[in-house]
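**Q** One structure is given below, represented as structure tokens, and several questions about it will come after.
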Amino acid sequence: QVQLVESGGGLVQAGGSLRLSCAASGGIFSVNAMGWYRQAPGKHRELVASISSSGSTIYADSVKGRFTISRDNAKNTVYLQMNSLKPGDTAVYYCNADLPPLGFWWGQGTQVTVSS
């Protein structure tokens with residue numbers, strides 16, 4: 001049973017930092033791109049950052065220079081270091097992974113709340 005288990009969300013004051021982790025497990029053959037998405041109340045889910053298996057990264061303009069995505073291929077784990085957090089970053093953050101030949105999988109989501 002494939003699982004993406006996220007951790008690291010919580011409540012933080014504006015200007016603070018959080019680190020999210022997402023570990024993929026259970027019958028995995030390979031892992032291609034991994035990424036983080038977020039969904040705020042009343043808004044569509046949006047890409048925050050993604051990282052390929054070779055380490056190439058993509059960031060949303062709104063988080064460039066503040067967030068850093070990384071991965072540990074040996075552990076099938078992706079991380080999101082979030083610095084200089086703003087109230088606008090408040091959302092549920094979801095991990096996503098391309099797991100061929102199983103397809104794309106989502107984590108259960110972790111709440112990030114930034115207070116002003």
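Ligands are numbered from 1 in the order shown, chains are lettered A, B, ... in the order of the structure tokens, and residues start at 1 in each chain.
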Can you build me a table of segment 6-59 of chain A residues sitting at most 8 Å from segment 83-99 of chain A, with the closest atom pair per residue and its distance in Å to one decimal, using only C-alpha atoms, sorted by chain and residue number, as a Markdown table?

**A**
| residue | atom | partner | partner_atom | distance |
| --- | --- | --- | --- | --- |
| A:Glu6 | CA | A:Cys95 | CA | 7.0 |
| A:Gln13 | CA | A:Leu85 | CA | 7.7 |
| A:Ala14 | CA | A:Lys86 | CA | 5.0 |
| A:Gly15 | CA | A:Ser84 | CA | 4.2 |
| A:Gly16 | CA | A:Ser84 | CA | 5.5 |
| A:Ser17 | CA | A:Asn83 | CA | 4.4 |
| A:Leu18 | CA | A:Asn83 | CA | 6.8 |
| A:Cys22 | CA | A:Cys95 | CA | 6.3 |
| A:Ala24 | CA | A:Ala97 | CA | 8.0 |
| A:Ile28 | CA | A:Leu99 | CA | 6.8 |
| A:Phe29 | CA | A:Leu99 | CA | 7.2 |
| A:Ser30 | CA | A:Leu99 | CA | 5.8 |
| A:Val31 | CA | A:Leu99 | CA | 4.8 |
| A:Asn32 | CA | A:Asp98 | CA | 5.2 |
| A:Ala33 | CA | A:Asp98 | CA | 5.5 |
| A:Met34 | CA | A:Ala97 | CA | 4.3 |
| A:Gly35 | CA | A:Asn96 | CA | 5.1 |
| A:Trp36 | CA | A:Cys95 | CA | 4.7 |
| A:Tyr37 | CA | A:Tyr94 | CA | 5.1 |
| A:Arg38 | CA | A:Tyr93 | CA | 4.3 |
| A:Gln39 | CA | A:Ala91 | CA | 5.3 |
| A:Ala40 | CA | A:Ala91 | CA | 4.3 |
| A:Pro41 | CA | A:Ala91 | CA | 7.2 |

**Q** Taking into account only C-alpha atoms, which residue in the set A:Leu11, A:Val112, A:Met82, A:Arg45 is nearest to Arg66 of chain A?

**A**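 Nearest candidate to Arg66 of chain A out of A:Leu11, A:Val112, A:Met82, A:Arg45: A:Met82.
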
**Q** Skip Gly55 of chain A itself and residues of its chain fewer than 2 positions away, then list as a list in words all residues within 9 Å of it, counting only C-alpha atoms.

**A** Ala33, Ile51, Ser52, Ser53, Thr57, Ser70 and Arg71 of chain A

**Q** Mind listing the strand (DSSP E or B) residues of chain A, per DSSP on the backbone, as a VMD selection string?

**A** chain A and resid 3 to 7 10 to 13 18 to 25 34 to 39 46 to 51 57 to 59 67 to 72 77 to 82 91 to 99 103 to 106 110 to 115

**Q** I need the residue nearest Gln111 of chain A from this list: A:Val63, A:Val12, A:Ile69, A:Val48. Use only C-alpha atoms for the distance.

**A**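 Under the stated criterion, the closest residue is A:Val12.
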
**Q** Given the choices A:Ala49, A:Val2, A:Ala23, A:Val78, which gets closest to Gly65 of chain A if the distance is worked out from only C-alpha atoms?

**A** A:Ala49

**Q** In Å, rounded to a single decimal, give me how far atom CA of Ser50 of chain A is from atom CA of Gly8 of chain A.

**A**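 Computing it gives 17.6 Å between the two atoms.
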
**Q** Between A:Ser62, A:Gly109, A:Glu46, A:Thr77, which has the minimum distance to Ser21 of chain A (counting only C-alpha atoms)?

**A**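 Among the listed residues, the smallest separation from Ser21 of chain A belongs to A:Thr77.
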
**Q** Could you state the separation of atom CA of Gln3 of chain A and atom CA of Leu20 of chain A in Å, given to one decimal place?

**A**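 Taking atom CA of Gln3 of chain A as the start and atom CA of Leu20 of chain A as the end point, the length is 16.1 Å.
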
**Q** Just give me the gap between atom CA of Gly103 of chain A and atom CA of Val5 of chain A in Å, one decimal is fine.

**A** 16.7 Å
